[in-house]
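start_39.cif (mmCIF, C-alpha atoms)
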data_coords
#
loop_
_atom_site.label_atom_id
_atom_site.label_comp_id
_atom_site.auth_asym_id
_atom_site.auth_seq_id
_atom_site.Cartn_x
_atom_site.Cartn_y
_atom_site.Cartn_z
CA MET Q 1 0.00 0.00 0.00
CA SER Q 2 1.32 3.40 -0.92
CA PHE Q 3 0.63 6.72 0.79
CA GLU Q 4 1.76 8.61 -2.29
CA THR Q 5 -0.70 10.90 -4.02
CA PRO Q 6 -1.26 10.07 -7.71
CA GLN Q 7 0.46 13.32 -8.72
CA HIS Q 8 3.48 12.53 -6.55
CA ARG Q 9 3.75 9.09 -8.14
CA VAL Q 10 3.50 10.52 -11.66
CA GLU Q 11 6.22 13.06 -10.97
CA GLY Q 12 8.49 10.20 -9.90
CA LEU Q 13 10.66 12.43 -7.73
CA GLY Q 14 10.55 10.35 -4.52
CA SER Q 15 11.13 11.57 -0.97
CA ALA Q 16 14.14 13.72 -1.86
CA HIS Q 17 12.04 15.64 -4.45
CA SER Q 18 14.87 15.42 -6.99
CA GLY Q 19 14.35 11.94 -8.44
CA VAL Q 20 17.37 10.74 -10.38
CA GLY Q 21 18.60 14.33 -10.82
CA HIS Q 22 21.83 13.82 -8.86
CA PHE Q 23 22.67 10.58 -10.72
CA LYS Q 24 21.89 12.14 -14.11
CA HIS Q 25 23.85 15.36 -13.50
CA GLN Q 26 26.89 13.36 -12.38
CA ARG Q 27 26.82 11.27 -15.59
CA VAL Q 28 26.18 14.21 -17.91
CA THR Q 29 29.05 16.24 -16.39
CA ALA Q 30 31.27 13.11 -16.61
CA ILE Q 31 30.59 12.75 -20.34
CA VAL Q 32 31.20 16.45 -20.99
CA LEU Q 33 34.43 16.26 -18.96
CA ILE Q 34 35.92 13.53 -21.20
CA PRO Q 35 36.94 15.85 -24.10
CA LEU Q 36 37.62 18.77 -21.71
CA THR Q 37 40.02 16.64 -19.63
CA LEU Q 38 41.87 15.50 -22.75
CA TRP Q 39 42.22 19.16 -23.80
CA PHE Q 40 43.35 20.11 -20.27
CA ALA Q 41 46.00 17.35 -20.17
CA VAL Q 42 47.44 18.43 -23.54
CA SER Q 43 47.40 22.10 -22.45
CA ALA Q 44 48.90 21.47 -19.00
CA LEU Q 45 51.72 19.41 -20.54
CA GLY Q 46 52.35 22.23 -23.02
CA LEU Q 47 52.53 24.80 -20.21
CA ILE Q 48 55.09 22.86 -18.10
CA GLY Q 49 57.90 25.24 -17.22
CA ALA Q 50 56.14 28.16 -18.93
CA THR Q 51 56.89 31.74 -17.96
CA GLU Q 52 54.10 34.01 -16.73
CA VAL Q 53 54.05 35.73 -20.13
CA SER Q 54 53.55 32.45 -22.04
CA VAL Q 55 50.64 31.51 -19.75
CA LEU Q 56 49.12 34.97 -20.35
CA ILE Q 57 49.52 34.53 -24.12
CA PHE Q 58 47.95 31.06 -23.90
CA LEU Q 59 44.95 32.39 -21.95
CA SER Q 60 44.57 35.49 -24.14
CA ASN Q 61 43.30 33.09 -26.79
CA PRO Q 62 39.52 33.18 -26.09
CA LEU Q 63 39.13 29.52 -27.01
CA ASN Q 64 41.67 28.48 -24.36
CA ALA Q 65 40.11 30.79 -21.75
CA VAL Q 66 36.59 29.46 -22.42
CA LEU Q 67 37.73 25.82 -22.43
CA LEU Q 68 39.70 26.25 -19.19
CA GLY Q 69 36.78 28.07 -17.53
CA SER Q 70 34.38 25.31 -18.64
CA PHE Q 71 36.77 22.58 -17.48
CA VAL Q 72 37.15 24.15 -14.02
CA LEU Q 73 33.47 25.00 -13.46
CA ILE Q 74 32.07 21.68 -14.76
CA SER Q 75 34.74 19.81 -12.74
CA LEU Q 76 33.69 21.69 -9.61
CA TYR Q 77 30.02 20.80 -10.12
CA HIS Q 78 30.98 17.17 -10.85
CA LEU Q 79 33.16 16.97 -7.73
CA ALA Q 80 30.55 18.60 -5.48
CA LEU Q 81 28.07 15.92 -6.60
CA GLY Q 82 30.69 13.21 -6.07
CA VAL Q 83 31.85 14.34 -2.63
CA GLN Q 84 28.18 14.67 -1.61
CA GLU Q 85 27.77 10.97 -2.42
CA VAL Q 86 30.82 10.11 -0.32
CA ILE Q 87 29.51 12.16 2.64
CA VAL Q 88 26.03 10.58 2.44
CA ASP Q 89 27.60 7.10 2.33
CA TYR Q 90 30.03 7.43 5.23
CA VAL Q 91 28.59 10.00 7.68
CA PRO Q 92 25.54 8.73 9.61
CA HIS Q 93 25.27 11.71 12.03
CA GLU Q 94 22.67 14.12 10.59
CA GLY Q 95 24.16 17.32 12.01
CA PHE Q 96 27.73 16.50 10.99
CA LYS Q 97 26.47 15.39 7.57
CA LEU Q 98 24.71 18.75 7.09
CA PHE Q 99 27.88 20.58 8.19
CA LEU Q 100 29.98 18.64 5.68
CA MET Q 101 27.42 19.36 2.93
CA PHE Q 102 27.84 23.09 3.58
CA CYS Q 103 31.64 22.66 3.51
CA ASN Q 104 31.45 20.66 0.26
CA TYR Q 105 29.29 23.11 -1.67
CA GLY Q 106 30.99 26.10 0.00
CA PHE Q 107 34.37 24.77 -1.19
CA ALA Q 108 33.11 24.31 -4.76
CA PHE Q 109 31.58 27.80 -4.87
CA LEU Q 110 34.69 29.47 -3.40
CA VAL Q 111 37.09 27.72 -5.82
CA ALA Q 112 34.72 28.52 -8.71
CA ALA Q 113 34.68 32.19 -7.70
CA ALA Q 114 38.47 32.32 -7.31
CA CYS Q 115 39.05 30.73 -10.74
CA ALA Q 116 36.40 32.87 -12.47
CA ILE Q 117 37.77 36.12 -11.01
CA ALA Q 118 41.35 35.16 -11.88
CA LEU Q 119 40.36 34.25 -15.46
CA LEU Q 120 38.45 37.54 -15.82
CA ARG Q 121 41.41 39.53 -14.49
CA ILE Q 122 43.67 37.78 -17.01
CA THR Q 123 41.42 38.06 -20.04
CA ILE Q 124 39.79 41.50 -19.60
CA MET J 1 19.15 8.37 13.70
CA ALA J 2 16.87 6.71 16.22
CA GLU J 3 18.54 4.96 19.15
CA TYR J 4 17.82 1.24 19.49
CA PRO J 5 18.65 -0.91 22.53
CA GLN J 6 22.07 -2.48 22.03
CA LYS J 7 22.02 -6.27 22.03
CA THR J 8 24.95 -8.53 21.44
CA ARG J 9 24.11 -10.39 18.28
CA PRO J 10 26.32 -12.57 16.10
CA LEU J 11 27.92 -10.53 13.31
CA SER J 12 28.41 -11.69 9.76
CA PRO J 13 32.03 -11.60 8.55
CA HIS J 14 32.91 -7.98 7.88
CA LEU J 15 35.20 -6.22 5.38
CA GLY J 16 38.37 -7.12 7.28
CA ILE J 17 38.37 -10.83 6.40
CA TYR J 18 37.87 -10.51 2.65
CA ARG J 19 40.79 -10.51 0.24
CA TRP J 20 40.69 -7.47 -2.05
CA PRO J 21 39.17 -8.28 -5.43
CA VAL J 22 40.15 -6.01 -8.34
CA THR J 23 36.65 -4.52 -8.56
CA MET J 24 36.71 -3.53 -4.87
CA ALA J 25 40.17 -1.95 -5.17
CA THR J 26 39.27 0.00 -8.33
CA SER J 27 36.02 1.18 -6.73
CA ILE J 28 37.56 2.65 -3.57
CA THR J 29 40.49 4.07 -5.59
CA HIS J 30 37.95 5.87 -7.79
CA ARG J 31 36.54 7.56 -4.69
CA ILE J 32 39.94 8.37 -3.18
CA THR J 33 41.25 9.86 -6.45
CA GLY J 34 37.98 11.77 -6.82
CA VAL J 35 38.29 13.38 -3.39
CA GLY J 36 42.00 13.97 -4.08
CA LEU J 37 41.18 15.70 -7.36
CA ALA J 38 38.67 17.86 -5.48
CA GLY J 39 41.61 19.13 -3.44
CA GLY J 40 43.59 19.34 -6.69
CA THR J 41 41.26 22.07 -7.99
CA LEU J 42 42.97 24.27 -5.37
CA LEU J 43 46.16 23.87 -7.44
CA ILE J 44 44.39 25.18 -10.56
CA ALA J 45 42.84 28.03 -8.53
CA TRP J 46 46.29 28.86 -7.10
CA TRP J 47 47.87 28.71 -10.59
CA LEU J 48 45.23 31.02 -12.13
CA THR J 49 45.29 33.44 -9.18
CA ALA J 50 49.09 33.55 -9.33
CA VAL J 51 49.07 34.26 -13.08
CA SER J 52 46.47 37.01 -12.64
CA SER J 53 48.41 38.65 -9.76
CA GLY J 54 51.72 39.29 -11.50
CA PRO J 55 55.21 37.85 -12.13
CA GLU J 56 56.28 37.59 -8.43
CA THR J 57 53.31 35.49 -7.31
CA TYR J 58 53.65 33.32 -10.43
CA GLU J 59 57.36 32.89 -9.70
CA PHE J 60 56.49 31.71 -6.17
CA PHE J 61 53.97 29.22 -7.61
CA SER J 62 56.37 27.75 -10.19
CA THR J 63 59.33 27.49 -7.78
CA THR J 64 57.06 25.77 -5.20
CA MET J 65 55.90 23.30 -7.85
CA ALA J 66 59.52 22.60 -8.84
CA THR J 67 60.42 21.41 -5.32
CA PRO J 68 60.41 17.63 -4.68
CA LEU J 69 57.17 17.94 -2.65
CA GLY J 70 55.61 20.01 -5.42
CA GLN J 71 56.61 17.40 -8.00
CA ILE J 72 55.11 14.59 -5.91
CA VAL J 73 51.86 16.58 -5.65
CA LEU J 74 51.85 17.31 -9.41
CA TYR J 75 52.50 13.70 -10.48
CA GLY J 76 49.99 12.54 -7.84
CA PHE J 77 47.48 14.92 -9.44
CA ALA J 78 48.38 13.63 -12.93
CA TRP J 79 47.96 9.98 -11.91
CA SER J 80 44.71 10.69 -10.02
CA LEU J 81 43.30 12.48 -13.08
CA ALA J 82 44.42 9.69 -15.44
CA TYR J 83 42.96 7.00 -13.17
CA HIS J 84 39.67 8.81 -12.45
CA PHE J 85 39.30 9.61 -16.17
CA LEU J 86 39.88 6.02 -17.33
CA ASN J 87 37.88 4.37 -14.55
CA GLY J 88 35.15 6.97 -15.08
CA ILE J 89 34.79 5.75 -18.67
CA ARG J 90 34.57 2.21 -17.25
CA HIS J 91 31.77 3.39 -14.96
CA LEU J 92 29.96 5.06 -17.87
CA CYS J 93 30.14 1.77 -19.81
CA TRP J 94 28.50 0.05 -16.82
CA ASP J 95 25.82 2.79 -16.75
CA PHE J 96 25.00 1.89 -20.36
CA GLY J 97 24.87 -1.79 -19.40
CA TYR J 98 28.17 -3.05 -20.77
CA GLY J 99 30.98 -4.96 -19.06
CA PHE J 100 29.17 -6.34 -16.02
CA ALA J 101 30.40 -9.96 -16.35
CA LEU J 102 32.91 -10.59 -13.56
CA PRO J 103 35.83 -11.66 -15.82
CA THR J 104 35.21 -8.55 -17.96
CA ALA J 105 35.01 -6.26 -14.91
CA ASN J 106 38.27 -7.74 -13.56
CA ALA J 107 40.03 -7.40 -16.93
CA THR J 108 38.91 -3.78 -17.47
CA GLY J 109 39.90 -2.98 -13.88
CA ILE J 110 43.46 -4.25 -14.38
CA THR J 111 43.57 -2.45 -17.76
CA VAL J 112 42.54 0.84 -16.12
CA ILE J 113 45.20 0.51 -13.39
CA ALA J 114 47.92 -0.34 -15.94
CA LEU J 115 46.89 2.40 -18.39
CA SER J 116 46.74 5.07 -15.65
CA LEU J 117 50.30 4.20 -14.61
CA LEU J 118 51.44 4.17 -18.26
CA VAL J 119 49.90 7.60 -18.92
CA THR J 120 51.57 9.04 -15.81
CA ALA J 121 54.91 7.50 -16.84
CA GLY J 122 54.36 8.98 -20.30
CA PHE J 123 53.84 12.42 -18.74
CA PHE J 124 57.02 11.99 -16.69
CA LEU J 125 59.08 10.91 -19.72
CA ALA J 126 57.62 13.69 -21.91
CA VAL J 127 58.64 16.28 -19.29
CA HIS J 128 62.11 14.84 -18.76
CA TYR J 129 62.96 14.33 -22.42
CA GLY J 130 61.84 17.84 -23.39
CA TYR J 131 58.59 16.97 -25.20
CA ALA J 132 56.53 19.09 -22.76
CA GLY J 133 56.34 22.88 -22.55
CA TYR J 134 55.42 23.35 -26.23
CA TYR J 135 53.25 26.41 -25.44
CA GLN J 136 56.04 28.68 -24.28
#
Please rewrite the model in this file as structure tokens.
Amino acid sequence: MSFETPQHRVEGLGSAHSGVGHFKHQRVTAIVLIPLTLWFAVSALGLIGATEVSVLIFLSNPLNAVLLGSFVLISLYHLALGVQEVIVDYVPHEGFKLFLMFCNYGFAFLVAAACAIALLRITI
Amino acid sequence: MAEYPQKTRPLSPHLGIYRWPVTMATSITHRITGVGLAGGTLLIAWWLTAVSSGPETYEFFSTTMATPLGQIVLYGFAWSLAYHFLNGIRHLCWDFGYGFALPTANATGITVIALSLLVTAGFFLAVHYGYAGYYQ
């Protein structure tokens, strides 16, 4: 016997009200990150031992700046989703779990802001 | 969590007594490298912030990365990224329903471990034989 309302069942979002959203977002970001990571690896290897000026020249190419920004921001969303899964799996205490959730998403937002501001300062 | 009265009940054999199958090792390594790479984004943030702040801060970043500890961190980052990338593709194959048979899962697991080490060794050799740094 189910206590679900018909509408709730049709929406298929379950008790967390997000359905398979977390699972889906993690997979979609993973797929997008495949080509971006290959690009990042090639770029990082090319920038080994580079001077500040050569990094600036590299990032003054809008394509490189956009790809690096996308790589960093999508990675941060992907990792926030992933670390959330680790926290939910290993931390049974509700209060501590909530605290770690704030830390996890706070970390991702702070690093995203730092990278975005640095990229804007370089490219503008 | 609700508190239940504690009774001494027989326990089934727990994690400690099992030998480590390949699938178990690759699974936990995927998580560890994932959390490690989360910390690794700080390196990218530091790099970008240093570049945007001027030659002195960039100089400090590159000399720190050239120290033995910095090199260990960088190659650790490279291996973690290679492993998480390759094993992530393995996970995506599972998500699409492929490669679930145990012999297949074991074989792809060993392949992922070997390839991740090969890629990292390739990075190391490329840097040390002068094939890196082509964007300067």
Item to check | Residue IDs satisfying the PyMOL selection byres ((chain Q) within 9 of (chain J)), as a PyMOL selection string | outcome: chain Q and resi 27+30-31+33-34+37+41+43-58+72+75-76+79-80+82-83+86+92-94+108+111-112+114-122
Resulting file, chosen residues, C-alpha atoms, as a CSV table (one decimal), in the frame of the given file:
chain,number,residue,atom,x,y,z
Q,27,ARG,CA,26.8,11.3,-15.6
Q,30,ALA,CA,31.3,13.1,-16.6
Q,31,ILE,CA,30.6,12.8,-20.3
Q,33,LEU,CA,34.4,16.3,-19.0
Q,34,ILE,CA,35.9,13.5,-21.2
Q,37,THR,CA,40.0,16.6,-19.6
Q,41,ALA,CA,46.0,17.4,-20.2
Q,43,SER,CA,47.4,22.1,-22.4
Q,44,ALA,CA,48.9,21.5,-19.0
Q,45,LEU,CA,51.7,19.4,-20.5
Q,46,GLY,CA,52.4,22.2,-23.0
Q,47,LEU,CA,52.5,24.8,-20.2
Q,48,ILE,CA,55.1,22.9,-18.1
Q,49,GLY,CA,57.9,25.2,-17.2
Q,50,ALA,CA,56.1,28.2,-18.9
Q,51,THR,CA,56.9,31.7,-18.0
Q,52,GLU,CA,54.1,34.0,-16.7
Q,53,VAL,CA,54.0,35.7,-20.1
Q,54,SER,CA,53.6,32.4,-22.0
Q,55,VAL,CA,50.6,31.5,-19.8
Q,56,LEU,CA,49.1,35.0,-20.4
Q,57,ILE,CA,49.5,34.5,-24.1
Q,58,PHE,CA,48.0,31.1,-23.9
Q,72,VAL,CA,37.2,24.2,-14.0
Q,75,SER,CA,34.7,19.8,-12.7
Q,76,LEU,CA,33.7,21.7,-9.6
Q,79,LEU,CA,33.2,17.0,-7.7
Q,80,ALA,CA,30.6,18.6,-5.5
Q,82,GLY,CA,30.7,13.2,-6.1
Q,83,VAL,CA,31.8,14.3,-2.6
Q,86,VAL,CA,30.8,10.1,-0.3
Q,92,PRO,CA,25.5,8.7,9.6
Q,93,HIS,CA,25.3,11.7,12.0
Q,94,GLU,CA,22.7,14.1,10.6
Q,108,ALA,CA,33.1,24.3,-4.8
Q,111,VAL,CA,37.1,27.7,-5.8
Q,112,ALA,CA,34.7,28.5,-8.7
Q,114,ALA,CA,38.5,32.3,-7.3
Q,115,CYS,CA,39.0,30.7,-10.7
Q,116,ALA,CA,36.4,32.9,-12.5
Q,117,ILE,CA,37.8,36.1,-11.0
Q,118,ALA,CA,41.4,35.2,-11.9
Q,119,LEU,CA,40.4,34.2,-15.5
Q,120,LEU,CA,38.4,37.5,-15.8
Q,121,ARG,CA,41.4,39.5,-14.5
Q,122,ILE,CA,43.7,37.8,-17.0
Item to check | Two-atom distance - CA of Phe3 (chain Q), CA of His17 (chain Q) (Å) | outcome: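 Computing it gives 15.4 Å between the two atoms.
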Checklist entry - Counting only C-alpha atoms, what is within 12 Å of region 98-107 of chain J, bar same-chain residues fewer than 6 positions away, as a ChimeraX atom specification? => result /J:20-27,87,89-92,113-114
Next on the checklist: One decimal, in Å: what's the spacing between CA of Phe40 (chain Q) and CA of Leu63 (chain Q)?
Outcome noted: 12.3 Å
Checklist entry - Given the choices J:Leu69, J:His128, J:Thr33, J:Leu118, which gets closest to His84 (chain J) if the distance is worked out from only C-alpha atoms? => result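 Smallest separation from His84 (chain J) among the options: J:Thr33.
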Checklist entry - If you measure from CA of Val32 (chain Q) to CA of Ile74 (chain Q), what distance in Å do you get, rounded to one decimal? => result 8.2 Å
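Of the residues listed (J:Gln6, J:Thr120, J:Gly97, J:Leu115), J:Thr120 shows the shortest atom-to-atom separation from Leu74 (chain J); distances use all atoms listed in the file.
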Using the chain letters and numbers from this file, what does the PyMOL selection byres ((chain Q and resi 102-105) around 9) select? Give the answer as a PDB file with C-alpha atoms, keeping the file's coordinate frame.
ATOM      1  CA  TYR Q  77      30.020  20.800 -10.120  1.00  0.00           C
ATOM      2  CA  LEU Q  79      33.160  16.970  -7.730  1.00  0.00           C
ATOM      3  CA  ALA Q  80      30.550  18.600  -5.480  1.00  0.00           C
ATOM      4  CA  LEU Q  81      28.070  15.920  -6.600  1.00  0.00           C
ATOM      5  CA  VAL Q  83      31.850  14.340  -2.630  1.00  0.00           C
ATOM      6  CA  GLN Q  84      28.180  14.670  -1.610  1.00  0.00           C
ATOM      7  CA  LYS Q  97      26.470  15.390   7.570  1.00  0.00           C
ATOM      8  CA  LEU Q  98      24.710  18.750   7.090  1.00  0.00           C
ATOM      9  CA  PHE Q  99      27.880  20.580   8.190  1.00  0.00           C
ATOM     10  CA  LEU Q 100      29.980  18.640   5.680  1.00  0.00           C
ATOM     11  CA  MET Q 101      27.420  19.360   2.930  1.00  0.00           C
ATOM     12  CA  GLY Q 106      30.990  26.100   0.000  1.00  0.00           C
ATOM     13  CA  PHE Q 107      34.370  24.770  -1.190  1.00  0.00           C
ATOM     14  CA  ALA Q 108      33.110  24.310  -4.760  1.00  0.00           C
ATOM     15  CA  PHE Q 109      31.580  27.800  -4.870  1.00  0.00           C
ATOM     16  CA  LEU Q 110      34.690  29.470  -3.400  1.00  0.00           C
TER      17      LEU Q 110
END
Next on the checklist: I'd like to know which of Q:Thr123, Q:Ser18, Q:Ile87, Q:His78 is closest to Asn64 (chain Q), using all atoms listed in the file.
Outcome noted: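 Residue with the minimum atom-to-atom distance to Asn64 (chain Q): Q:Thr123.
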